[in-house]
Amino acid sequence: MNTIPLSAQLINLFASVILLLAFAMLAQRRVLQLVNLFALQGATLSVSTLVVAFTTSQHHLYYSAGLTLILKAILLPWILHRLVRRLHVKSDVESLINVPTTMMFGIVLVIIAFNVALPISQLSSTITRGTLGIALATVMLAFLMMITRTKAIPQVVGFLAMENGLFLAATSATYGMPMVVELGIALDVLVGAIILGVFFFQIREQFDSLDIRHMERLKDS
Amino acid sequence: MDFFILMLAFPLVSGLLLTVFGERAWAPNLNVIASGGTFLSAALLTAEIVANGPRFAFGEEFFIDSLNVFLVTLTAFVGLTTSIFSGPYMRNEAEHGKLSKPRLRLYKSMYQLFMFTMLAALTTNNLGILWVAMEAATLTTVLLVSLYRTPASLEAAWKYFILCGVGIAQALFGTILLYFAAERVLGETGHALLWTHLVDVKGQLEPTIMALSFIFLLVGYGTKVGLAPLHNWLPDAHAEGPTPVSAVLSGLLLNVALYAILRCKVLADGAIHTDFAGNLMMGFGLFTLVVAAFFLSRQKDIKRMFAYSSIEHMGLITFAFGMGGAVANFAGLLHMTMHSLTKSAIFFAVGHATQKTGTQMMESIRGIMRINPLLGWSLLLGTLAILGMPPFGVFASEFMILTHAMKHHPWATPVLLMALGVAFASIFGKVQPMVFGEGEGRKLAHAPAVTPVFVHLGLVLMIGLYIPPYLTRWFNEAARMLG
């Protein structure tokens, strides 16, 4: 039996933590806790990228790890926290489907994700290839969260968590995208979050609530 | 003087200037002048490319060849005419109390930044930057769709953001897979996302990964093209946003998203060696065409109806590119051009018609011909053109697509004809009573700009009757490159 090096074990461990956090976000009902979980996921992602950077001595991954830490573990959660406080979102998150059912769906999605990722991971030669399935699963779980939540902020957290999953996919399949692309993506995410912040206030002004079920009037009769 | 840098600098600099000075009296003029400058540099760039062949810019990060240069010119041209149209249109909207000064400032600066992101998406050689620019194009238009701050417009903008955001995330995953496939061949040289390098080694890319990657890219960018069943955002965004925004979304953004798919298709075709990518596009295109045609008949809002018409035409174009081959690609490129020009002209006419009558509901719009004959004619001619009546250019491209389908994919012909027939009946049946009949309209403080409408329709008519040889050569070259 061949032994797996410690660094690979660490990377797999962090990837599993990210997946666990994705499930935790799916089950979490409080908005502030959800934002904290998202911050934690960002931090784990950053540490995992750091380990990959250290083991493979890919220097640009150090910058990616730093960028992830600043953007996804500090800046975006901070913006979301401020929004939650400024908008006085007190009530719990409501879900269209109850939590146990959502979790069941989540498990099915994880199985699908692993199956889709299997042929790709086999072709990959990176130390991180085992985590590609986890990355895809994280993307799909975030997607599920966006579908099942009825409030604007959890939907956005889902959107950002999906970006986390994609970032994990990029590091696990290819040791990260070229730096210029990664900077561009980070800029888009940041600008997107700021625009959404502005947008929340507009929604709030009009509907007196951030429940997007108010926004189902545009339909084709 | 590098016209390429000028072309990108005009919208970027003026967009930033307008965020600061957008409330000054000269700001609308700056908007038009900047768009004019962009168009002029795009035209000069085109002349340069036609004379000297493809070129790079900023190292290898940007690449201009016969395929994207024609879209660049088209984008810059429609950008210019839309900015001319939006001058009196937005002033009328402000006059009617629908828009305040800060919102007009937001509109102008975001309009220019939107042009910048689209031109960057068209000219970049890096598929990662292409993704970044496409996402930035969504971000710049989200606040434009919600410009009126009505409940309906906020809902439309939210839907637009979330659906396109999810879609574009799929495209990012597709790009990651593409990079993964490319890195195995090109190594970690940093060139593995540059299209010009990828196209040289496309035969060696791993087919399974490329197939998977193309599916994600098609679904992702396809959301922005408005391919069914991911088209839901499109009618809402077109109907609720200001009309100039509808015109550029329909006439330009959809084209740019389709362009992104085409670039990826060239790579996927080279790697997979079967018609997998083409068949996928044909399927999506045909489905979109049929869905849109049947939704058309149920529309009550005029801008919504023409938004569905855009979906229909995008379906047809996707189908054409799916068939592949020199003729179908030529027809697809021609139809892209014709659709942009015609649809933006229609939105200009519709914009003023709704201002005159004060409603977007088609049953309340009557007798435009009597209220303002020029406006009536522009709406009528635009509608006839988009429905593919000869002698307009849309007829030429639709005819080419149909005959090519008959020859190579006869099973699709009845579906195509039926969908086009249903679309014709629903649109013409609704536009005819709006144009003719009795009706009353209010006097507008600022005279509508009908010149852009007739310039667009004149070009469409000209191409329907006679395609200049340099244009044919240019289209042919681009069509050949698409394989």
# chains A, B, ... in the order shown; residues from 1 in each chain; ligands from 1
>>> closest_atom_pairs(of="chain A", to="chain B", cutoff="6 Å", atoms="only C-alpha atoms", output="Markdown table")
| residue | atom | partner | partner_atom | distance |
| --- | --- | --- | --- | --- |
| A:Ala170 | CA | B:Ile176 | CA | 5.8 |
| A:Thr174 | CA | B:Phe180 | CA | 5.5 |
| A:Val181 | CA | B:Gly128 | CA | 5.3 |
| A:Gly184 | CA | B:Val132 | CA | 5.8 |
| A:Ile185 | CA | B:Val132 | CA | 5.9 |
| A:Met215 | CA | B:Glu155 | CA | 5.3 |
>>> select_by_dssp(residues="stretch 56-161 of chain A", states="alpha helix (DSSP H)", output="PyMOL selection string")
chain A and resi 56+59-68+76-86+99-123+132-148+152-161
>>> closest_residue(among="A:Met177, A:Leu26, A:His60, A:Leu166", to="A:Leu141", atoms="only C-alpha atoms")
A:Leu26
>>> residues_around(residues="stretch 401-409 of chain B", least_positions_apart="5", cutoff="7 Å", atoms="only C-alpha atoms", output="PyMOL selection string")
chain B and resi 320+328+331
>>> write_last_selection(atoms="C-alpha atoms", output="compact mmCIF listing (two decimals), in the first residue's frame")
# COMPACT_ATOMS: atom_id res chain seq x y z
CA ALA B 320 -27.05 28.31 -38.26
CA ALA B 328 -24.15 28.42 -42.80
CA ALA B 331 -25.51 33.20 -43.11
>>> atom_distance(atom1="atom CA of A:Phe105", atom2="atom CA of A:Val47")
28.7 Å
>>> residues_around(residues="A:Ser7", least_positions_apart="4", cutoff="12 Å", atoms="only C-alpha atoms", output="PDB file with C-alpha atoms, in the first residue's frame")
ATOM      1  CA  THR A   3       1.183   6.082   1.579  1.00  0.00           C
ATOM      2  CA  ILE A  11      -5.290  19.346   1.299  1.00  0.00           C
ATOM      3  CA  ASN A  12      -7.936  16.641   1.298  1.00  0.00           C
ATOM      4  CA  LEU A  13      -8.782  17.465   4.903  1.00  0.00           C
ATOM      5  CA  PHE A  14      -9.300  21.150   4.116  1.00  0.00           C
ATOM      6  CA  SER A  48      -5.850  25.098   1.661  1.00  0.00           C
ATOM      7  CA  THR A  49      -4.480  27.184  -1.209  1.00  0.00           C
ATOM      8  CA  LEU A  50      -1.537  28.120   1.001  1.00  0.00           C
ATOM      9  CA  VAL A  51      -0.729  24.441   1.620  1.00  0.00           C
ATOM     10  CA  VAL A  52      -0.897  23.726  -2.116  1.00  0.00           C
ATOM     11  CA  ALA A  53       1.361  26.708  -2.790  1.00  0.00           C
ATOM     12  CA  PHE A  54       3.872  25.496  -0.196  1.00  0.00           C
ATOM     13  CA  THR A  55       3.991  21.873  -1.403  1.00  0.00           C
ATOM     14  CA  THR A  56       4.160  22.629  -5.112  1.00  0.00           C
ATOM     15  CA  ILE A 127      -1.400  16.665  -6.055  1.00  0.00           C
ATOM     16  CA  THR A 128      -4.855  18.142  -5.520  1.00  0.00           C
TER      17      THR A 128
END
>>> residues_around(residues="stretch 107-118 of chain A", least_positions_apart="6", cutoff="9 Å", atoms="only C-alpha atoms", output="short mmCIF file (atom, residue, chain, number, x, y, z; two decimals) with N, CA, C and O atoms, in the first residue's frame")
data_model
loop_
_atom_site.label_atom_id
_atom_site.label_comp_id
_atom_site.auth_asym_id
_atom_site.auth_seq_id
_atom_site.Cartn_x
_atom_site.Cartn_y
_atom_site.Cartn_z
N GLY A 130 -7.71 14.87 -6.18
CA GLY A 130 -8.80 14.24 -5.46
C GLY A 130 -9.89 15.21 -5.05
O GLY A 130 -11.04 14.83 -4.83
N LEU A 132 -11.20 17.66 -6.79
CA LEU A 132 -12.02 18.24 -7.85
C LEU A 132 -13.50 17.90 -7.66
O LEU A 132 -14.37 18.75 -7.84
N GLY A 133 -13.74 16.63 -7.25
CA GLY A 133 -15.12 16.23 -6.99
C GLY A 133 -15.73 17.07 -5.89
O GLY A 133 -16.89 17.51 -5.99
N ILE A 134 -14.95 17.31 -4.84
CA ILE A 134 -15.44 18.13 -3.73
C ILE A 134 -15.76 19.54 -4.21
O ILE A 134 -16.77 20.12 -3.83
N ALA A 135 -14.89 20.06 -5.08
CA ALA A 135 -15.10 21.42 -5.59
C ALA A 135 -16.42 21.50 -6.34
O ALA A 135 -17.23 22.41 -6.12
N LEU A 136 -16.64 20.54 -7.22
CA LEU A 136 -17.88 20.54 -8.01
C LEU A 136 -19.09 20.38 -7.08
O LEU A 136 -20.12 21.02 -7.27
N ALA A 137 -18.93 19.54 -6.05
CA ALA A 137 -20.02 19.34 -5.09
C ALA A 137 -20.34 20.65 -4.38
O ALA A 137 -21.51 20.99 -4.18
N THR A 138 -19.28 21.40 -4.00
CA THR A 138 -19.51 22.69 -3.33
C THR A 138 -20.28 23.64 -4.24
O THR A 138 -21.19 24.33 -3.79
N MET A 140 -22.34 22.83 -6.60
CA MET A 140 -23.73 22.38 -6.73
C MET A 140 -24.54 22.64 -5.47
O MET A 140 -25.72 22.99 -5.53
N LEU A 141 -23.89 22.47 -4.30
CA LEU A 141 -24.61 22.72 -3.04
C LEU A 141 -24.96 24.21 -2.93
O LEU A 141 -26.06 24.57 -2.49
N LEU A 144 -27.87 24.81 -5.03
CA LEU A 144 -29.08 24.33 -4.35
C LEU A 144 -29.55 25.35 -3.32
O LEU A 144 -30.75 25.61 -3.18
#
>>> atom_distance(atom1="atom CA of A:Ser209", atom2="atom CA of A:Thr101")
26.6 Å
>>> residues_around(residues="B:Pro88", least_positions_apart="5", cutoff="10 Å", atoms="only C-alpha atoms", output="number ranges by chain")
B: 28, 83, 93-94, 352, 444-449
>>> residues_around(residues="A:Asn164", least_positions_apart="4", cutoff="8 Å", atoms="only C-alpha atoms", output="list in words")
Gln41, Gly42, Leu45, Thr138, Val139, Leu160 and Leu168 of chain A
